[in-house]
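Pasting model.txt here (compact mmCIF, C-alpha atoms and all ligand atoms):
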# COMPACT_ATOMS: atom_id res chain seq x y z
CA MET A 1 46.53 45.85 -48.14
CA THR A 2 49.80 43.96 -48.10
CA LYS A 3 52.12 45.64 -45.60
CA ARG A 4 55.39 47.03 -46.87
CA ILE A 5 58.59 46.34 -44.94
CA ALA A 6 62.06 47.88 -45.07
CA VAL A 7 64.97 45.95 -43.55
CA PHE A 8 68.07 47.79 -42.29
CA ALA A 9 71.25 45.75 -41.95
CA SER A 10 75.01 46.27 -41.83
CA GLY A 11 76.45 42.81 -42.32
CA GLU A 12 75.51 39.22 -42.96
CA GLY A 13 71.78 39.61 -43.45
CA SER A 14 70.54 36.21 -42.29
CA ASN A 15 67.56 37.87 -40.59
CA PHE A 16 66.83 39.83 -43.76
CA GLU A 17 66.94 36.54 -45.68
CA ALA A 18 64.53 34.86 -43.25
CA ILE A 19 62.06 37.75 -43.44
CA ALA A 20 62.29 38.05 -47.24
CA ALA A 21 61.83 34.28 -47.72
CA ALA A 22 58.84 34.24 -45.34
CA CYS A 23 57.24 37.09 -47.29
CA GLN A 24 57.88 35.35 -50.59
CA SER A 25 56.43 32.04 -49.38
CA GLY A 26 53.35 33.74 -47.93
CA ARG A 27 54.24 32.92 -44.33
CA ILE A 28 54.28 36.67 -43.67
CA ARG A 29 51.54 38.61 -45.48
CA ALA A 30 53.86 41.47 -46.35
CA GLN A 31 56.50 42.40 -48.85
CA VAL A 32 60.10 43.53 -48.30
CA VAL A 33 60.25 46.59 -50.56
CA LEU A 34 63.55 48.15 -49.49
CA VAL A 35 66.88 47.20 -47.91
CA VAL A 36 68.98 49.92 -46.31
CA CYS A 37 72.64 49.17 -45.68
CA ASP A 38 75.39 51.44 -44.37
CA ARG A 39 78.18 49.17 -45.70
CA PRO A 40 78.02 48.79 -49.47
CA THR A 41 80.28 45.70 -49.38
CA ALA A 42 78.14 43.82 -46.82
CA HIS A 43 76.80 40.39 -47.70
CA VAL A 44 73.23 41.58 -47.18
CA VAL A 45 73.53 43.74 -50.33
CA GLU A 46 74.24 40.64 -52.40
CA ARG A 47 71.39 38.77 -50.75
CA ALA A 48 68.96 41.63 -51.49
CA ALA A 49 70.04 41.66 -55.15
CA ARG A 50 69.38 37.92 -55.35
CA HIS A 51 65.84 38.56 -54.13
CA GLY A 52 65.45 41.44 -56.58
CA ILE A 53 64.76 43.88 -53.74
CA GLU A 54 65.57 47.58 -54.14
CA THR A 55 68.57 48.52 -51.99
CA PHE A 56 69.91 51.80 -50.69
CA ALA A 57 73.54 51.08 -49.79
CA PHE A 58 75.45 54.16 -48.69
CA ASP A 59 78.73 55.18 -47.14
CA PRO A 60 78.04 57.37 -44.09
CA LYS A 61 81.40 59.08 -44.60
CA SER A 62 80.21 60.60 -47.84
CA TYR A 63 77.57 62.62 -45.98
CA ALA A 64 78.27 65.68 -43.82
CA SER A 65 76.21 64.31 -40.91
CA LYS A 66 73.95 61.51 -39.69
CA ALA A 67 70.99 63.88 -40.12
CA ASP A 68 71.91 64.23 -43.79
CA TYR A 69 71.94 60.53 -44.63
CA GLU A 70 68.89 59.86 -42.47
CA ARG A 71 66.98 62.53 -44.43
CA GLU A 72 67.83 60.57 -47.56
CA ILE A 73 66.71 57.33 -45.91
CA VAL A 74 63.40 58.87 -44.81
CA ALA A 75 62.78 60.12 -48.35
CA ARG A 76 63.34 56.59 -49.67
CA LEU A 77 61.10 55.03 -47.02
CA ASP A 78 58.37 57.53 -47.85
CA ALA A 79 58.74 56.90 -51.58
CA ALA A 80 58.49 53.14 -51.02
CA GLN A 81 55.45 53.67 -48.75
CA VAL A 82 56.96 51.61 -45.96
CA ASP A 83 54.70 50.53 -43.08
CA LEU A 84 57.33 48.84 -40.90
CA VAL A 85 61.09 49.22 -40.53
CA CYS A 86 62.88 46.11 -39.26
CA LEU A 87 66.41 46.67 -37.99
CA ALA A 88 68.37 43.44 -38.33
CA GLY A 89 71.99 43.89 -37.42
CA TYR A 90 72.02 47.60 -38.34
CA MET A 91 74.94 48.83 -36.29
CA ARG A 92 73.94 52.48 -35.86
CA LEU A 93 71.78 54.42 -33.46
CA LEU A 94 68.94 56.34 -35.07
CA SER A 95 68.69 60.12 -34.72
CA ARG A 96 65.58 62.27 -34.32
CA VAL A 97 65.38 62.57 -38.12
CA MET A 98 64.39 58.90 -38.50
CA LEU A 99 62.49 58.77 -35.22
CA ASP A 100 60.39 61.87 -35.87
CA SER A 101 59.10 60.27 -39.07
CA TYR A 102 58.90 56.58 -38.16
CA GLU A 103 58.93 56.09 -34.35
CA GLY A 104 56.45 53.40 -33.36
CA ARG A 105 56.97 51.72 -36.72
CA ILE A 106 60.64 50.76 -36.20
CA ILE A 107 61.58 47.51 -34.47
CA ASN A 108 64.92 45.83 -33.72
CA ILE A 109 66.10 42.33 -32.92
CA HIS A 110 68.76 41.74 -30.29
CA PRO A 111 70.34 38.38 -29.38
CA SER A 112 69.89 38.55 -25.59
CA LEU A 113 67.13 38.77 -23.04
CA LEU A 114 67.12 42.56 -22.72
CA PRO A 115 67.84 44.57 -20.67
CA ALA A 116 70.78 42.21 -20.13
CA PHE A 117 73.75 42.35 -22.51
CA LYS A 118 73.02 45.38 -24.63
CA GLY A 119 75.32 46.39 -27.46
CA ALA A 120 77.61 44.50 -29.81
CA ASN A 121 78.69 40.88 -29.24
CA ALA A 122 75.80 40.17 -26.91
CA ILE A 123 76.01 36.39 -27.32
CA GLU A 124 79.72 36.42 -26.52
CA GLN A 125 79.16 38.70 -23.54
CA ALA A 126 76.51 36.36 -22.13
CA PHE A 127 78.65 33.26 -22.81
CA GLU A 128 81.64 34.82 -21.02
CA TYR A 129 79.36 35.65 -18.12
CA GLY A 130 78.40 31.98 -17.76
CA VAL A 131 74.73 32.54 -18.55
CA LYS A 132 72.56 29.39 -18.56
CA ILE A 133 69.42 30.82 -20.16
CA TYR A 134 69.99 32.81 -23.33
CA GLY A 135 67.42 34.40 -25.57
CA VAL A 136 66.28 36.88 -28.17
CA THR A 137 64.35 40.14 -27.85
CA ILE A 138 62.39 42.23 -30.33
CA HIS A 139 61.69 45.78 -29.24
CA TYR A 140 60.56 49.15 -30.50
CA VAL A 141 63.43 51.46 -31.38
CA ASP A 142 64.05 54.76 -29.63
CA ALA A 143 67.17 56.91 -29.47
CA SER A 144 68.90 54.64 -26.94
CA MET A 145 70.94 51.54 -27.64
CA ASP A 146 68.76 48.40 -27.47
CA GLY A 147 66.52 50.34 -25.09
CA GLY A 148 62.98 50.67 -26.48
CA ARG A 149 59.86 48.96 -25.17
CA ILE A 150 59.92 45.18 -25.57
CA ILE A 151 57.47 43.51 -27.98
CA SER A 152 58.50 39.86 -27.73
CA GLN A 153 61.14 37.64 -26.17
CA GLN A 154 62.07 34.02 -26.29
CA ALA A 155 64.42 32.19 -23.96
CA VAL A 156 66.62 29.20 -24.70
CA PRO A 157 68.59 27.22 -22.13
CA TYR A 158 72.16 26.29 -23.02
CA GLU A 159 74.80 24.84 -20.73
CA GLY A 160 77.27 23.63 -23.33
CA ASN A 161 80.74 24.92 -24.08
CA ASP A 162 80.58 25.52 -27.79
CA ILE A 163 79.94 29.15 -28.69
CA ALA A 164 79.52 28.34 -32.39
CA GLU A 165 76.75 25.88 -31.53
CA LEU A 166 75.17 28.46 -29.22
CA GLU A 167 75.30 31.17 -31.90
CA ALA A 168 73.68 28.87 -34.44
CA MET A 169 70.87 28.10 -31.97
CA ILE A 170 70.29 31.76 -31.21
CA HIS A 171 70.31 32.82 -34.86
CA ALA A 172 67.75 30.12 -35.73
CA LEU A 173 65.60 31.36 -32.86
CA GLU A 174 65.97 34.95 -34.09
CA HIS A 175 64.67 34.08 -37.53
CA GLU A 176 61.56 32.38 -36.11
CA LEU A 177 60.87 35.10 -33.57
CA TYR A 178 61.22 37.86 -36.16
CA ILE A 179 58.74 36.16 -38.50
CA ASN A 180 56.26 35.45 -35.68
CA THR A 181 56.55 38.96 -34.27
CA ILE A 182 55.93 40.65 -37.63
CA ASN A 183 52.91 38.39 -38.11
CA LYS A 184 51.64 39.31 -34.66
CA LEU A 185 51.97 43.06 -35.35
CA ILE A 186 50.07 42.62 -38.60
CA ALA A 187 47.38 40.41 -37.02
CA GLU A 188 46.83 42.93 -34.22
CA SER A 189 46.74 45.86 -36.69
CA ARG A 190 49.67 47.44 -34.91
CA ILE A 191 51.25 48.44 -38.21
C1 LIG B 1 71.73 39.36 -35.12
O1 LIG B 1 72.26 38.57 -34.10
C2 LIG B 1 70.88 40.46 -34.54
O2 LIG B 1 70.18 40.08 -33.40
C3 LIG B 1 71.91 41.49 -34.18
O3 LIG B 1 72.82 41.45 -35.25
C4 LIG B 1 72.83 40.13 -35.82
C5 LIG B 1 72.56 40.28 -37.30
O4 LIG B 1 72.69 39.05 -37.96
N1 LIG B 1 71.29 42.78 -33.95
P1 LIG B 1 72.30 38.92 -39.50
O5 LIG B 1 73.06 40.04 -40.23
O6 LIG B 1 70.82 39.10 -39.62
O7 LIG B 1 72.76 37.58 -39.94
Encoded form using structure tokens:
Amino acid sequence: MTKRIAVFASGEGSNFEAIAAACQSGRIRAQVVLVVCDRPTAHVVERAARHGIETFAFDPKSYASKADYEREIVARLDAAQVDLVCLAGYMRLLSRVMLDSYEGRIINIHPSLLPAFKGANAIEQAFEYGVKIYGVTIHYVDASMDGGRIISQQAVPYEGNDIAELEAMIHALEHELYINTINKLIAESRI
């Protein structure tokens, strides 16, 4: 059976795009069946529409609590029969509502070699620190920030001075690592 993926994102959506394109070209034997976005004006919503992928874009402020909107998300994931949830720039921690239903089937990508440089602006943080070896991590998601068990990592040396160049390198690496990691989980029957 072709595995069914949901991508959660809050902003640009370049990782969503890479995953969706890899599914469409057959490089990943899976299908992106749902995009979840907590910012209805985010670019990822437009990208999802271009791919013809069903999207749940919501404003968290219109719900009484995180538990409330996560219950709605879980209902949509269940309805779409999702096997794997890929967080890709989704800027919110998950509560027990999501974790109780999908823990072990939710993964996240982070642009640093965790456990270094957790949180937002990780590339900038590492650059400011004077890091010489950067990298990308994909990990299982738990209730902590960027804290779940690591699935895959890739390092990249960079000693230049141009943060835009560095960011472009890291984002390109992210796209490859996400595709390869999803393929690995499928090949090893881990989803
Ligand atoms: C990526 O750097 C990802 O690692 C981080 O947020 C960024 C999302 O980028 N969690 P995009 O929206 O996929 O372009």
What does the structure give for the distance between CA of Arg149 (chain A) and CA of His110 (chain A), in Å to one decimal? 12.6 Å
Residues at most 7 Å from ligand LIG 1 (chain B), using only C-alpha atoms and all ligand atoms? Could they come as an mmCIF file with C-alpha atoms, in the coordinates of the input?
data_model
loop_
_atom_site.group_PDB
_atom_site.id
_atom_site.type_symbol
_atom_site.label_atom_id
_atom_site.label_comp_id
_atom_site.auth_asym_id
_atom_site.auth_seq_id
_atom_site.Cartn_x
_atom_site.Cartn_y
_atom_site.Cartn_z
ATOM 1 C CA ALA A 9 71.250 45.750 -41.950
ATOM 2 C CA SER A 10 75.010 46.270 -41.830
ATOM 3 C CA GLY A 11 76.450 42.810 -42.320
ATOM 4 C CA GLU A 12 75.510 39.220 -42.960
ATOM 5 C CA GLY A 13 71.780 39.610 -43.450
ATOM 6 C CA SER A 14 70.540 36.210 -42.290
ATOM 7 C CA ASN A 15 67.560 37.870 -40.590
ATOM 8 C CA PHE A 16 66.830 39.830 -43.760
ATOM 9 C CA ALA A 88 68.370 43.440 -38.330
ATOM 10 C CA GLY A 89 71.990 43.890 -37.420
ATOM 11 C CA TYR A 90 72.020 47.600 -38.340
ATOM 12 C CA ILE A 109 66.100 42.330 -32.920
ATOM 13 C CA HIS A 110 68.760 41.740 -30.290
ATOM 14 C CA PRO A 111 70.340 38.380 -29.380
ATOM 15 C CA HIS A 171 70.310 32.820 -34.860
ATOM 16 C CA GLU A 174 65.970 34.950 -34.090
#
Here is a test: counting all atoms listed in the file, which residue of A:Gly130, A:Pro40, A:Gly135, A:Gly148 is nearest to Asn108 (chain A)?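 Going through A:Gly130, A:Pro40, A:Gly135, A:Gly148 one by one, the smallest distance to Asn108 (chain A) is for A:Gly148.
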Residues near Arg29 (chain A), cut-off 10 Å, all atoms listed in the file, skip fewer than 6 positions along chain, as a list in words: Met1, Thr2, Lys3, Arg4, Ala22, Cys23, Ile182, Asn183, Ile186 and Ala187 of chain A
Applying 8 Å and only C-alpha atoms, which residues near region 95-98 of chain A remain after dropping the ones on its own chain fewer than 2 positions away? List them as a PyMOL selection string. chain A and resi 66-67+70-71+73-74+93+100-103+143
When you draw a straight line from CA of Ser112 (chain A) to CA of Ala126 (chain A), how long is it in Å?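 The value is 7.8 Å.
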Atomic separation - CA of Glu46 (chain A) relative to CA of Ile191 (chain A), Å: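 Taking CA of Ile191 (chain A) as the start and CA of Glu46 (chain A) as the end point, the length is 28.1 Å.
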Nearest to Ile151 (chain A), chosen from A:Ala164, A:Leu94, A:Ile5, A:Ile106, with only C-alpha atoms counted in the distances: A:Ile106
Smallest atom-to-atom distance to Gln154 (chain A): which of A:Ala6, A:Ala80, A:Val45, A:Leu177, using all atoms listed in the file?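 Nearest to Gln154 (chain A): A:Leu177.
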Residues within 12 Å of (76.9, 50.3, -44.6), file coordinates, counting only C-alpha atoms: what are they? Give the list as a count of residues only. 30
Would you mind telling me which residue in A:Ile150, A:Ala120, A:Val156, A:Leu113 lies nearest to Ile133 (chain A) when using only C-alpha atoms?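 When distances to Ile133 (chain A) are compared using only C-alpha atoms, the smallest one comes from A:Val156.
Counting all atoms listed in the file, the residue from A:Leu84, A:Tyr178, A:Ala168, A:Val141 that sits nearest to Gln153 (chain A) is A:Tyr178.
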May I ask which of the residues A:Cys86, A:Val33, A:Leu173, A:Ile107 is the closest one to Gly147 (chain A), counting only C-alpha atoms?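 Of the candidates, the smallest distance to Gly147 (chain A) is held by A:Ile107.
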Rebuild N, CA, C and O atoms on region 11-35 of chain A, as a PDB file, in the coordinates of the input?
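See selection.pdb below for the written result:
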ATOM      1  N   GLY A  11      75.479  43.889 -42.139  1.00  0.00           N
ATOM      2  CA  GLY A  11      76.450  42.810 -42.320  1.00  0.00           C
ATOM      3  C   GLY A  11      75.917  41.614 -43.075  1.00  0.00           C
ATOM      4  O   GLY A  11      75.576  41.683 -44.258  1.00  0.00           O
ATOM      5  N   GLU A  12      75.804  40.515 -42.353  1.00  0.00           N
ATOM      6  CA  GLU A  12      75.510  39.220 -42.960  1.00  0.00           C
ATOM      7  C   GLU A  12      74.116  39.168 -43.617  1.00  0.00           C
ATOM      8  O   GLU A  12      73.971  38.714 -44.740  1.00  0.00           O
ATOM      9  N   GLY A  13      73.121  39.571 -42.869  1.00  0.00           N
ATOM     10  CA  GLY A  13      71.780  39.610 -43.450  1.00  0.00           C
ATOM     11  C   GLY A  13      70.993  38.312 -43.359  1.00  0.00           C
ATOM     12  O   GLY A  13      70.062  38.112 -44.134  1.00  0.00           O
ATOM     13  N   SER A  14      71.319  37.458 -42.383  1.00  0.00           N
ATOM     14  CA  SER A  14      70.540  36.210 -42.290  1.00  0.00           C
ATOM     15  C   SER A  14      69.109  36.495 -41.825  1.00  0.00           C
ATOM     16  O   SER A  14      68.167  35.815 -42.243  1.00  0.00           O
ATOM     17  N   ASN A  15      68.934  37.520 -40.993  1.00  0.00           N
ATOM     18  CA  ASN A  15      67.560  37.870 -40.590  1.00  0.00           C
ATOM     19  C   ASN A  15      66.795  38.476 -41.758  1.00  0.00           C
ATOM     20  O   ASN A  15      65.609  38.174 -41.944  1.00  0.00           O
ATOM     21  N   PHE A  16      67.474  39.312 -42.538  1.00  0.00           N
ATOM     22  CA  PHE A  16      66.830  39.830 -43.760  1.00  0.00           C
ATOM     23  C   PHE A  16      66.349  38.658 -44.614  1.00  0.00           C
ATOM     24  O   PHE A  16      65.210  38.626 -45.088  1.00  0.00           O
ATOM     25  N   GLU A  17      67.246  37.711 -44.824  1.00  0.00           N
ATOM     26  CA  GLU A  17      66.940  36.540 -45.680  1.00  0.00           C
ATOM     27  C   GLU A  17      65.712  35.802 -45.147  1.00  0.00           C
ATOM     28  O   GLU A  17      64.830  35.416 -45.927  1.00  0.00           O
ATOM     29  N   ALA A  18      65.667  35.593 -43.841  1.00  0.00           N
ATOM     30  CA  ALA A  18      64.530  34.860 -43.250  1.00  0.00           C
ATOM     31  C   ALA A  18      63.229  35.627 -43.465  1.00  0.00           C
ATOM     32  O   ALA A  18      62.196  35.036 -43.820  1.00  0.00           O
ATOM     33  N   ILE A  19      63.277  36.939 -43.273  1.00  0.00           N
ATOM     34  CA  ILE A  19      62.060  37.750 -43.440  1.00  0.00           C
ATOM     35  C   ILE A  19      61.633  37.769 -44.911  1.00  0.00           C
ATOM     36  O   ILE A  19      60.453  37.574 -45.240  1.00  0.00           O
ATOM     37  N   ALA A  20      62.608  37.981 -45.804  1.00  0.00           N
ATOM     38  CA  ALA A  20      62.290  38.050 -47.240  1.00  0.00           C
ATOM     39  C   ALA A  20      61.704  36.720 -47.712  1.00  0.00           C
ATOM     40  O   ALA A  20      60.702  36.689 -48.451  1.00  0.00           O
ATOM     41  N   ALA A  21      62.319  35.605 -47.292  1.00  0.00           N
ATOM     42  CA  ALA A  21      61.830  34.280 -47.720  1.00  0.00           C
ATOM     43  C   ALA A  21      60.428  34.039 -47.177  1.00  0.00           C
ATOM     44  O   ALA A  21      59.567  33.497 -47.886  1.00  0.00           O
ATOM     45  N   ALA A  22      60.180  34.457 -45.932  1.00  0.00           N
ATOM     46  CA  ALA A  22      58.840  34.240 -45.340  1.00  0.00           C
ATOM     47  C   ALA A  22      57.794  35.080 -46.075  1.00  0.00           C
ATOM     48  O   ALA A  22      56.649  34.648 -46.233  1.00  0.00           O
ATOM     49  N   CYS A  23      58.184  36.267 -46.512  1.00  0.00           N
ATOM     50  CA  CYS A  23      57.240  37.090 -47.290  1.00  0.00           C
ATOM     51  C   CYS A  23      56.972  36.433 -48.640  1.00  0.00           C
ATOM     52  O   CYS A  23      55.827  36.349 -49.101  1.00  0.00           O
ATOM     53  N   GLN A  24      58.051  35.941 -49.261  1.00  0.00           N
ATOM     54  CA  GLN A  24      57.880  35.350 -50.590  1.00  0.00           C
ATOM     55  C   GLN A  24      57.055  34.065 -50.547  1.00  0.00           C
ATOM     56  O   GLN A  24      56.300  33.771 -51.463  1.00  0.00           O
ATOM     57  N   SER A  25      57.182  33.309 -49.450  1.00  0.00           N
ATOM     58  CA  SER A  25      56.430  32.040 -49.380  1.00  0.00           C
ATOM     59  C   SER A  25      55.005  32.254 -48.873  1.00  0.00           C
ATOM     60  O   SER A  25      54.222  31.311 -48.809  1.00  0.00           O
ATOM     61  N   GLY A  26      54.698  33.478 -48.453  1.00  0.00           N
ATOM     62  CA  GLY A  26      53.350  33.740 -47.930  1.00  0.00           C
ATOM     63  C   GLY A  26      53.225  33.500 -46.442  1.00  0.00           C
ATOM     64  O   GLY A  26      52.145  33.657 -45.868  1.00  0.00           O
ATOM     65  N   ARG A  27      54.313  33.129 -45.788  1.00  0.00           N
ATOM     66  CA  ARG A  27      54.240  32.920 -44.330  1.00  0.00           C
ATOM     67  C   ARG A  27      54.048  34.245 -43.596  1.00  0.00           C
ATOM     68  O   ARG A  27      53.423  34.288 -42.537  1.00  0.00           O
ATOM     69  N   ILE A  28      54.607  35.315 -44.153  1.00  0.00           N
ATOM     70  CA  ILE A  28      54.280  36.670 -43.670  1.00  0.00           C
ATOM     71  C   ILE A  28      53.494  37.335 -44.801  1.00  0.00           C
ATOM     72  O   ILE A  28      53.931  37.316 -45.954  1.00  0.00           O
ATOM     73  N   ARG A  29      52.322  37.916 -44.433  1.00  0.00           N
ATOM     74  CA  ARG A  29      51.540  38.610 -45.480  1.00  0.00           C
ATOM     75  C   ARG A  29      52.036  40.042 -45.623  1.00  0.00           C
ATOM     76  O   ARG A  29      51.378  40.988 -45.187  1.00  0.00           O
ATOM     77  N   ALA A  30      53.242  40.159 -46.135  1.00  0.00           N
ATOM     78  CA  ALA A  30      53.860  41.470 -46.350  1.00  0.00           C
ATOM     79  C   ALA A  30      54.917  41.285 -47.413  1.00  0.00           C
ATOM     80  O   ALA A  30      55.188  40.155 -47.854  1.00  0.00           O
ATOM     81  N   GLN A  31      55.523  42.405 -47.770  1.00  0.00           N
ATOM     82  CA  GLN A  31      56.500  42.400 -48.850  1.00  0.00           C
ATOM     83  C   GLN A  31      57.697  43.213 -48.374  1.00  0.00           C
ATOM     84  O   GLN A  31      57.506  44.294 -47.809  1.00  0.00           O
ATOM     85  N   VAL A  32      58.922  42.698 -48.580  1.00  0.00           N
ATOM     86  CA  VAL A  32      60.100  43.530 -48.300  1.00  0.00           C
ATOM     87  C   VAL A  32      60.327  44.381 -49.539  1.00  0.00           C
ATOM     88  O   VAL A  32      60.612  43.864 -50.624  1.00  0.00           O
ATOM     89  N   VAL A  33      60.177  45.705 -49.387  1.00  0.00           N
ATOM     90  CA  VAL A  33      60.250  46.590 -50.560  1.00  0.00           C
ATOM     91  C   VAL A  33      61.554  47.367 -50.617  1.00  0.00           C
ATOM     92  O   VAL A  33      61.846  47.992 -51.641  1.00  0.00           O
ATOM     93  N   LEU A  34      62.321  47.356 -49.512  1.00  0.00           N
ATOM     94  CA  LEU A  34      63.550  48.150 -49.490  1.00  0.00           C
ATOM     95  C   LEU A  34      64.526  47.569 -48.467  1.00  0.00           C
ATOM     96  O   LEU A  34      64.121  47.173 -47.367  1.00  0.00           O
ATOM     97  N   VAL A  35      65.799  47.527 -48.862  1.00  0.00           N
ATOM     98  CA  VAL A  35      66.880  47.200 -47.910  1.00  0.00           C
ATOM     99  C   VAL A  35      67.751  48.430 -47.792  1.00  0.00           C
ATOM    100  O   VAL A  35      68.086  49.062 -48.800  1.00  0.00           O
TER     101      VAL A  35
END
